[in-house]
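Colleague: Contents of my_file-v5.pdb (PDB, C-alpha atoms) are below:
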ATOM      1  CA  MET J 217      46.229  14.747  40.324
ATOM      2  CA  PHE J 218      46.201  12.314  37.385
ATOM      3  CA  ALA J 219      43.456  11.721  34.811
ATOM      4  CA  ALA J 220      41.515   8.445  35.006
ATOM      5  CA  ALA J 221      42.271   7.788  31.348
ATOM      6  CA  ASP J 222      45.928   7.422  32.303
ATOM      7  CA  VAL J 223      45.135   4.085  33.955
ATOM      8  CA  ALA J 224      44.078   2.474  30.696
ATOM      9  CA  ASP J 225      46.989   4.090  28.901
ATOM     10  CA  ALA J 226      49.507   2.753  31.436
ATOM     11  CA  GLN J 227      48.013  -0.733  31.291
ATOM     12  CA  ALA J 228      48.041  -0.758  27.490
ATOM     13  CA  ARG J 229      51.690   0.196  27.097
ATOM     14  CA  THR J 230      54.054  -2.621  26.173
ATOM     15  CA  GLY J 231      57.476  -2.784  24.588
ATOM     16  CA  ARG J 232      59.400   0.455  24.511
ATOM     17  CA  PRO J 233      59.556   2.719  27.547
ATOM     18  CA  THR J 234      57.388   5.806  27.735
ATOM     19  CA  THR J 235      59.395   9.019  27.377
ATOM     20  CA  VAL J 236      58.523  12.072  29.468
ATOM     21  CA  ALA J 237      60.233  15.432  28.965
ATOM     22  CA  LEU J 238      60.720  17.802  31.890
ATOM     23  CA  VAL J 239      61.197  21.447  30.851
ATOM     24  CA  PRO J 240      61.825  24.113  33.526
ATOM     25  CA  VAL J 241      60.632  27.555  32.425
ATOM     26  CA  TYR J 242      61.390  30.997  33.792
ATOM     27  CA  ASN J 243      60.658  34.050  31.628
ATOM     28  CA  GLU J 244      61.160  32.203  28.325
ATOM     29  CA  GLN J 245      58.102  33.472  26.464
ATOM     30  CA  ALA J 246      60.109  34.112  23.300
ATOM     31  CA  THR J 247      61.238  30.494  22.940
ATOM     32  CA  VAL J 248      59.232  28.139  25.128
ATOM     33  CA  VAL J 249      56.337  27.260  22.810
ATOM     34  CA  ALA J 250      58.688  26.556  19.906
ATOM     35  CA  VAL J 251      60.919  24.447  22.148
ATOM     36  CA  LEU J 252      57.957  22.451  23.447
ATOM     37  CA  GLY J 253      56.733  21.940  19.899
ATOM     38  CA  GLY J 254      60.112  20.560  18.902
ATOM     39  CA  VAL J 255      60.332  18.324  21.968
ATOM     40  CA  ALA J 256      56.829  16.950  21.328
ATOM     41  CA  ASN J 257      58.088  15.346  18.114
ATOM     42  CA  TRP J 258      60.330  12.991  20.109
ATOM     43  CA  VAL J 259      58.582  12.191  23.416
ATOM     44  CA  ASP J 260      55.254  10.813  24.607
ATOM     45  CA  ARG J 261      54.511  13.412  27.268
ATOM     46  CA  ILE J 262      55.802  16.782  28.430
ATOM     47  CA  ILE J 263      55.824  18.378  31.872
ATOM     48  CA  ALA J 264      56.662  22.094  31.842
ATOM     49  CA  VAL J 265      57.390  23.766  35.177
ATOM     50  CA  ASP J 266      56.634  27.481  35.256
ATOM     51  CA  ASP J 267      58.918  28.849  37.959
ATOM     52  CA  GLY J 268      56.913  31.982  38.731
ATOM     53  CA  SER J 269      57.475  33.647  35.356
ATOM     54  CA  SER J 270      56.541  37.315  35.040
ATOM     55  CA  ASP J 271      56.836  37.802  31.254
ATOM     56  CA  GLY J 272      53.739  36.012  29.984
ATOM     57  CA  SER J 273      55.318  32.542  29.883
ATOM     58  CA  ALA J 274      52.666  31.231  32.292
ATOM     59  CA  THR J 275      49.816  32.277  30.015
ATOM     60  CA  SER J 276      51.580  30.820  26.977
ATOM     61  CA  LEU J 277      52.088  27.540  28.817
ATOM     62  CA  ASP J 278      48.442  27.282  29.852
ATOM     63  CA  HIS J 279      47.383  27.895  26.255
ATOM     64  CA  TRP J 280      49.870  25.254  25.101
ATOM     65  CA  ALA J 281      48.563  22.755  27.682
ATOM     66  CA  SER J 282      45.020  23.154  26.343
ATOM     67  CA  GLY J 283      46.139  22.371  22.805
ATOM     68  CA  GLY J 284      46.430  18.607  23.038
ATOM     69  CA  PRO J 285      46.883  15.519  25.236
ATOM     70  CA  GLY J 286      49.993  14.545  27.149
ATOM     71  CA  ARG J 287      50.753  18.117  28.251
ATOM     72  CA  THR J 288      51.074  19.188  31.867
ATOM     73  CA  VAL J 289      52.115  22.502  33.408
ATOM     74  CA  LEU J 290      53.192  22.863  37.034
ATOM     75  CA  HIS J 291      52.985  26.468  38.259
ATOM     76  CA  HIS J 292      55.046  27.817  41.151
ATOM     77  CA  PRO J 293      53.370  30.734  42.946
ATOM     78  CA  ARG J 294      56.682  32.632  42.847
ATOM     79  CA  ASN J 295      60.169  32.258  41.423
ATOM     80  CA  ARG J 296      62.130  29.622  43.340
ATOM     81  CA  GLY J 297      65.015  28.766  41.032
ATOM     82  CA  MET J 298      65.990  25.960  38.683
ATOM     83  CA  SER J 299      66.620  23.410  41.432
ATOM     84  CA  GLN J 300      63.120  23.883  42.837
ATOM     85  CA  ALA J 301      61.602  23.593  39.356
ATOM     86  CA  LEU J 302      63.326  20.240  38.950
ATOM     87  CA  LEU J 303      62.159  19.191  42.411
ATOM     88  CA  SER J 304      58.532  19.821  41.415
ATOM     89  CA  GLY J 305      58.936  17.868  38.198
ATOM     90  CA  PHE J 306      60.666  14.959  39.933
ATOM     91  CA  SER J 307      57.955  14.913  42.590
ATOM     92  CA  TYR J 308      55.151  14.781  40.040
ATOM     93  CA  LEU J 309      56.862  11.851  38.339
ATOM     94  CA  VAL J 310      57.367   9.979  41.617
ATOM     95  CA  LEU J 311      53.639  10.209  42.351
ATOM     96  CA  ALA J 312      52.907   8.935  38.844
ATOM     97  CA  LEU J 313      55.203   5.979  39.548
ATOM     98  CA  ARG J 314      53.482   5.303  42.861
ATOM     99  CA  ASP J 315      50.071   5.212  41.212
ATOM    100  CA  GLY J 316      51.172   2.994  38.325
ATOM    101  CA  TYR J 317      50.806   5.543  35.542
ATOM    102  CA  LEU J 318      54.493   5.232  34.757
ATOM    103  CA  LYS J 319      57.013   2.442  35.213
ATOM    104  CA  PRO J 320      60.498   2.465  36.742
ATOM    105  CA  ASP J 321      62.107   1.789  33.356
ATOM    106  CA  ASP J 322      60.284   4.661  31.645
ATOM    107  CA  LEU J 323      62.537   7.548  30.696
ATOM    108  CA  LEU J 324      62.816  11.163  31.754
ATOM    109  CA  ILE J 325      64.324  13.643  29.298
ATOM    110  CA  MET J 326      65.528  16.914  30.818
ATOM    111  CA  ILE J 327      65.975  19.792  28.384
ATOM    112  CA  ASP J 328      66.141  23.581  28.774
ATOM    113  CA  ALA J 329      63.424  25.952  27.540
ATOM    114  CA  ASP J 330      65.747  28.603  26.083
ATOM    115  CA  GLY J 331      66.365  26.891  22.745
ATOM    116  CA  GLN J 332      70.037  26.070  23.344
ATOM    117  CA  HIS J 333      69.517  22.338  22.892
ATOM    118  CA  LEU J 334      68.341  20.491  19.785
ATOM    119  CA  PRO J 335      65.245  18.367  20.525
ATOM    120  CA  GLU J 336      66.057  16.192  17.519
ATOM    121  CA  GLU J 337      69.054  14.864  19.457
ATOM    122  CA  ILE J 338      66.741  13.256  22.036
ATOM    123  CA  PRO J 339      66.463   9.912  20.158
ATOM    124  CA  ARG J 340      70.249   9.588  20.039
ATOM    125  CA  LEU J 341      70.567  10.060  23.798
ATOM    126  CA  VAL J 342      67.743   7.576  24.387
ATOM    127  CA  LYS J 343      69.385   5.069  22.066
ATOM    128  CA  ARG J 344      72.684   5.466  23.892
ATOM    129  CA  LEU J 345      70.958   4.649  27.180
ATOM    130  CA  THR J 346      68.965   1.660  25.945
ATOM    131  CA  ASP J 347      71.703   0.140  23.751
ATOM    132  CA  HIS J 348      74.254   0.225  26.577
ATOM    133  CA  ASP J 349      71.871  -0.636  29.445
ATOM    134  CA  LEU J 350      72.574   2.651  31.223
ATOM    135  CA  ASP J 351      70.577   4.530  33.851
ATOM    136  CA  VAL J 352      71.639   8.086  32.980
ATOM    137  CA  VAL J 353      72.999   9.671  29.809
ATOM    138  CA  LEU J 354      74.199  13.225  30.324
ATOM    139  CA  GLY J 355      74.900  15.056  27.075
ATOM    140  CA  ARG J 356      78.440  16.376  26.639
ATOM    141  CA  ARG J 357      78.314  19.875  25.201
ATOM    142  CA  GLY J 358      80.816  21.311  22.785
ATOM    143  CA  LEU J 359      82.005  24.467  24.546
ATOM    144  CA  SER J 360      84.401  25.788  21.904
ATOM    145  CA  GLY J 361      82.278  28.920  21.452
ATOM    146  CA  TYR J 362      82.271  29.701  25.171
ATOM    147  CA  PRO J 363      84.653  32.194  26.790
ATOM    148  CA  PHE J 364      87.750  30.818  28.504
ATOM    149  CA  GLY J 365      86.444  31.489  32.017
ATOM    150  CA  LYS J 366      83.289  29.509  31.348
ATOM    151  CA  ARG J 367      85.236  26.585  29.869
ATOM    152  CA  PHE J 368      87.660  26.571  32.796
ATOM    153  CA  GLY J 369      84.847  26.690  35.345
ATOM    154  CA  ASN J 370      82.999  23.866  33.625
ATOM    155  CA  ARG J 371      86.126  21.723  33.584
ATOM    156  CA  ALA J 372      86.780  22.416  37.268
ATOM    157  CA  LEU J 373      83.212  21.601  38.305
ATOM    158  CA  SER J 374      83.219  18.440  36.193
ATOM    159  CA  TRP J 375      86.428  17.333  37.908
ATOM    160  CA  TRP J 376      84.870  18.108  41.305
ATOM    161  CA  ALA J 377      81.730  16.083  40.534
ATOM    162  CA  SER J 378      83.905  13.217  39.296
ATOM    163  CA  LEU J 379      85.910  13.238  42.523
ATOM    164  CA  LEU J 380      82.917  13.310  44.863
ATOM    165  CA  GLY J 381      80.667  11.069  42.781
ATOM    166  CA  GLY J 382      83.261   8.443  41.922
ATOM    167  CA  GLN J 383      82.103   8.655  38.310
ATOM    168  CA  PRO J 384      84.055  10.291  35.455
ATOM    169  CA  TYR J 385      82.310  13.396  34.110
ATOM    170  CA  GLU J 386      83.358  15.437  31.108
ATOM    171  CA  ASP J 387      80.530  17.989  31.351
ATOM    172  CA  ALA J 388      78.731  17.641  34.676
ATOM    173  CA  GLU J 389      77.024  21.034  34.185
ATOM    174  CA  SER J 390      75.035  19.987  31.123
ATOM    175  CA  GLY J 391      71.259  20.332  31.433
ATOM    176  CA  PHE J 392      70.437  17.856  28.655
ATOM    177  CA  ARG J 393      70.031  14.329  30.039
ATOM    178  CA  VAL J 394      68.034  11.114  29.856
ATOM    179  CA  MET J 395      67.373   9.216  33.082
ATOM    180  CA  ARG J 396      65.395   6.148  34.104
ATOM    181  CA  LEU J 397      62.516   7.036  36.425
ATOM    182  CA  GLU J 398      63.688   4.537  39.020
ATOM    183  CA  ILE J 399      66.766   6.725  39.474
ATOM    184  CA  VAL J 400      64.524   9.756  39.993
ATOM    185  CA  ARG J 401      62.657   7.893  42.729
ATOM    186  CA  ARG J 402      65.881   6.837  44.417
ATOM    187  CA  LEU J 403      67.514  10.271  44.399
ATOM    188  CA  LEU J 404      64.473  12.387  45.348
ATOM    189  CA  PRO J 405      64.769  11.884  49.144
ATOM    190  CA  TYR J 406      68.374  13.117  48.969
ATOM    191  CA  PHE J 407      67.828  16.036  46.578
ATOM    192  CA  THR J 408      67.879  19.287  48.572
ATOM    193  CA  ALA J 409      67.036  21.551  45.587
ATOM    194  CA  LEU J 410      68.850  24.383  47.321
ATOM    195  CA  ALA J 411      70.234  27.426  45.500
ATOM    196  CA  TYR J 412      71.902  27.076  42.103
ATOM    197  CA  GLY J 413      73.260  23.606  42.741
ATOM    198  CA  CYS J 414      71.110  21.184  40.768
ATOM    199  CA  ALA J 415      73.746  20.131  38.231
ATOM    200  CA  GLN J 416      76.293  19.117  40.856
ATOM    201  CA  GLU J 417      73.665  17.575  43.112
ATOM    202  CA  LEU J 418      72.346  15.397  40.312
ATOM    203  CA  ALA J 419      75.802  14.416  39.106
ATOM    204  CA  VAL J 420      76.976  13.375  42.569
ATOM    205  CA  LEU J 421      73.725  11.809  43.774
ATOM    206  CA  THR J 422      73.094   9.676  40.700
ATOM    207  CA  ALA J 423      76.651   8.352  40.817
ATOM    208  CA  ARG J 424      76.544   7.748  44.580
ATOM    209  CA  GLN J 425      73.216   5.934  44.154
ATOM    210  CA  GLY J 426      75.024   3.414  41.963
ATOM    211  CA  ALA J 427      73.462   4.513  38.695
ATOM    212  CA  ARG J 428      75.200   3.552  35.470
ATOM    213  CA  VAL J 429      76.079   6.996  34.073
ATOM    214  CA  ASP J 430      77.511   8.013  30.717
ATOM    215  CA  ASN J 431      78.720  11.559  29.951
ATOM    216  CA  THR J 432      80.439  11.007  26.615
ATOM    217  CA  GLU J 433      77.603  11.461  24.105
ATOM    218  CA  PRO J 434      78.098  14.829  22.356
ATOM    219  CA  VAL J 435      75.225  17.294  22.076
ATOM    220  CA  THR J 436      74.945  20.562  20.188
ATOM    221  CA  ILE J 437      74.710  23.985  21.800
ATOM    222  CA  ARG J 438      73.104  26.525  19.468
ATOM    223  CA  TYR J 439      74.515  29.608  21.195
ATOM    224  CA  TYR J 440      76.258  30.803  24.346
ATOM    225  CA  ARG J 441      73.934  32.393  26.878
ATOM    226  CA  LYS J 442      75.298  34.586  29.630
ATOM    227  CA  GLY J 443      73.759  34.665  33.068
ATOM    228  CA  VAL J 444      75.659  32.305  35.366
ATOM    229  CA  ARG J 445      77.664  34.286  37.923
ATOM    230  CA  HIS J 446      80.948  33.328  39.572
ATOM    231  CA  ARG J 447      79.195  32.883  42.895
ATOM    232  CA  ASP J 448      76.802  30.404  41.248
ATOM    233  CA  GLY J 449      79.797  28.251  40.385
ATOM    234  CA  ILE J 450      80.953  28.396  43.999
ATOM    235  CA  THR J 451      77.463  27.481  45.177
ATOM    236  CA  ASN J 452      77.422  24.563  42.774
ATOM    237  CA  ALA J 453      80.737  23.295  44.136
ATOM    238  CA  VAL J 454      79.446  23.558  47.717
ATOM    239  CA  MET J 455      76.253  21.697  46.809
ATOM    240  CA  ALA J 456      78.352  18.841  45.453
ATOM    241  CA  VAL J 457      79.829  18.465  48.931
ATOM    242  CA  VAL J 458      76.345  18.589  50.455
ATOM    243  CA  ALA J 459      75.159  15.882  48.062
ATOM    244  CA  PHE J 460      78.193  13.748  48.874
ATOM    245  CA  ALA J 461      77.530  14.057  52.608
ATOM    246  CA  ARG J 462      73.800  13.355  52.248
ATOM    247  CA  SER J 463      74.518  10.163  50.323
ATOM    248  CA  PHE J 464      75.727   8.664  53.628
ATOM    249  CA  THR J 465      72.662   9.686  55.632
ATOM    250  CA  ARG J 466      69.149   8.339  55.999
ATOM    251  CA  PRO J 467      66.658  10.890  54.621
ATOM    252  CA  ARG J 468      63.907  12.126  56.907
ATOM    253  CA  LEU J 469      61.226  11.597  54.228
ATOM    254  CA  ASP J 470      60.795   8.803  51.730
ATOM    255  CA  ALA J 471      60.281   9.612  48.042
ATOM    256  CA  VAL J 472      56.476   9.809  48.180
ATOM    257  CA  ALA J 473      56.382  11.939  51.321
ATOM    258  CA  ARG J 474      59.036  14.232  49.836
ATOM    259  CA  ALA J 475      57.007  14.513  46.631
ATOM    260  CA  ASN J 476      53.778  15.376  48.417
ATOM    261  CA  ALA J 477      55.524  18.035  50.486
ATOM    262  CA  ALA J 478      57.169  19.573  47.421
ATOM    263  CA  LEU J 479      53.899  19.822  45.482
ATOM    264  CA  ARG J 480      51.800  21.239  48.307
ATOM    265  CA  ASP J 481      51.335  24.685  46.750
ATOM    266  CA  VAL J 482      52.020  23.834  43.100
ATOM    267  CA  ARG J 483      49.117  24.430  40.695
ATOM    268  CA  VAL J 484      48.680  21.759  38.014
ATOM    269  CA  VAL J 485      47.220  22.521  34.583
ATOM    270  CA  GLY J 486      46.483  19.865  31.984
ATOM    271  CA  GLY J 487      46.259  16.101  32.190
ATOM    272  CA  TRP J 488      48.221  13.058  31.225
ATOM    273  CA  ALA J 489      45.763  11.163  29.038
ATOM    274  CA  SER J 490      47.967  10.397  26.055
ATOM    275  CA  GLY J 491      45.618   9.901  23.134
ATOM    276  CA  ARG J 492      48.628   8.700  21.175
TER
END
Since I need it in another form, could you write the structure as structure tokens?

Modeller:
Amino acid sequence: MFAAADVADAQARTGRPTTVALVPVYNEQATVVAVLGGVANWVDRIIAVDDGSSDGSATSLDHWASGGPGRTVLHHPRNRGMSQALLSGFSYLVLALRDGYLKPDDLLIMIDADGQHLPEEIPRLVKRLTDHDLDVVLGRRGLSGYPFGKRFGNRALSWWASLLGGQPYEDAESGFRVMRLEIVRRLLPYFTALAYGCAQELAVLTARQGARVDNTEPVTIRYYRKGVRHRDGITNAVMAVVAFARSFTRPRLDAVARANAALRDVRVVGGWASGR
């Protein structure tokens, strides 16, 4: 699954952690290439997960992957949802950790493909994590331009994640985060990736895993994007309870077995040889 040149690259790296961006994509042809171009200015590698797009995003991603080193695309055969896209990305990273191409202290940056986030804010989130010896930095969005219902729902879900995770959250629903890869490996066996519940699952699981989490660093939102339904909020709240309950159980699969199962029918395009 990984290029042989990655071995030499992994062995040669010293000093600062390698940064890997994970970008889930579903029907974002209008923005995805520009977003990836902006992200590439601030990270070492990018993994884009095409979640069964039907608008030409898949073709654009394959063309992008052929344009330079350090670019990987994971293709789902059909649309599975954001949580499943993250599961595929996490799984790919866990196998890279197993094989020594990445290290536990290397950093994952999660950012959306729709252009809402500013890639140039990545270094600030990374600095927050490294300067304060944290495991997770979850960007806190400014929601002043959002409708009241959205702000209220976000506040309620953040309170719910704080209660179940035992960690104070101000914006648990944010999709812009930096996380040490060791945390990804630890949470993967517990991550169900069911329905529209990834934000709450990640918030609760990382906290319950004992990760040092910060959710105070502000990040910019370029525009408000509709699309999340009321029932998605309910699903998210339920998945927080599921994550809380699973944190007390012993998973059936370890991280590597979970990763292999998750990637069974995922098509991989592009390699990881950095050339940087």

Colleague: With 12 Å as the cut-off and all atoms listed in the file counted, what is the closest atom pair between each nearby residue of region 355-403 of chain J and region 462-486 of chain J? Distances in Å to one decimal, ordered by chain and number, as a Markdown table.

Modeller:
| residue | atom | partner | partner_atom | distance |
| --- | --- | --- | --- | --- |
| J:Leu380 | CA | J:Ser463 | CA | 10.5 |
| J:Gly381 | CA | J:Ser463 | CA | 9.8 |
| J:Glu398 | CA | J:Ala471 | CA | 10.9 |
| J:Ile399 | CA | J:Ala471 | CA | 11.1 |
| J:Val400 | CA | J:Ala471 | CA | 9.1 |
| J:Arg401 | CA | J:Ala471 | CA | 6.1 |
| J:Arg402 | CA | J:Ala471 | CA | 7.2 |
| J:Leu403 | CA | J:Ala471 | CA | 8.1 |

Colleague: Convert the output of the PyMOL selection byres ((chain J and resi 377) around 9) on the shown file into explicit residues, formatted as a list in words.

Modeller: Ala372, Leu373, Ser374, Trp375, Trp376, Ser378, Leu379, Leu380, Gly381, Gly382, Gln383, Pro384, Tyr385, Ala388, Gln416, Glu417, Ala419, Val420, Ala453, Ala456 and Val457 of chain J

Colleague: Under the PyMOL selection byres ((chain J and resi 431-433) around 9), which residues of this model are included? Write them out as a ChimeraX atom specification.

Modeller: /J:340-341,344,352-357,384-388,429-430,434-435

Colleague: Can you work out which one of J:Gln332, J:Gln425, J:Tyr412, J:Gly449 has the shortest atom-to-atom distance to Gly365 (chain J), counting only C-alpha atoms?

Modeller: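 Answer, going by the shortest atom-to-atom distance: J:Gly449.
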
Colleague: For region 291-302 of chain J, find every residue with an atom within 8 Å (counting only C-alpha atoms), except residues of its own chain fewer than 2 positions away, and show them as a list of chain:residue names.

Modeller: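 These residues fall inside the cut-off: J:Leu238, J:Pro240, J:Tyr242, J:Val265, J:Asp266, J:Asp267, J:Gly268, J:Ser269, J:Ala274, J:Val289, J:Ser304, J:Gly305, J:Phe306, J:Ala409, J:Leu410, J:Ala411, J:Tyr412, J:Gly413, J:Cys414, J:Asp481, J:Val482, J:Arg483, J:Val484, J:Val485.
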
Colleague: Got a sec: who's within 6 Å of region 312-322 of chain J, counting only C-alpha atoms, leaving out chain neighbours fewer than 4 positions off, as a PyMOL selection string?

Modeller: chain J and resi 226+233-234+396-398

Colleague: Residue by residue, what does the PyMOL selection byres ((chain J and resi 328) around 8) grab here? Present the result as a list of chain:residue names.

Modeller: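 Against this file, the PyMOL selection byres ((chain J and resi 328) around 8) returns the residues J:Val239, J:Pro240, J:Val241, J:Met326, J:Ile327, J:Ala329, J:Asp330, J:Gly331, J:Gln332, J:His333, J:Gly391, J:Phe392.
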
Colleague: Take CA of Leu334 (chain J) and CA of Gly358 (chain J) and report the distance between them in Å, one decimal.

Modeller: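 Spanning CA of Leu334 (chain J) to CA of Gly358 (chain J) is a straight-line distance of 12.9 Å.
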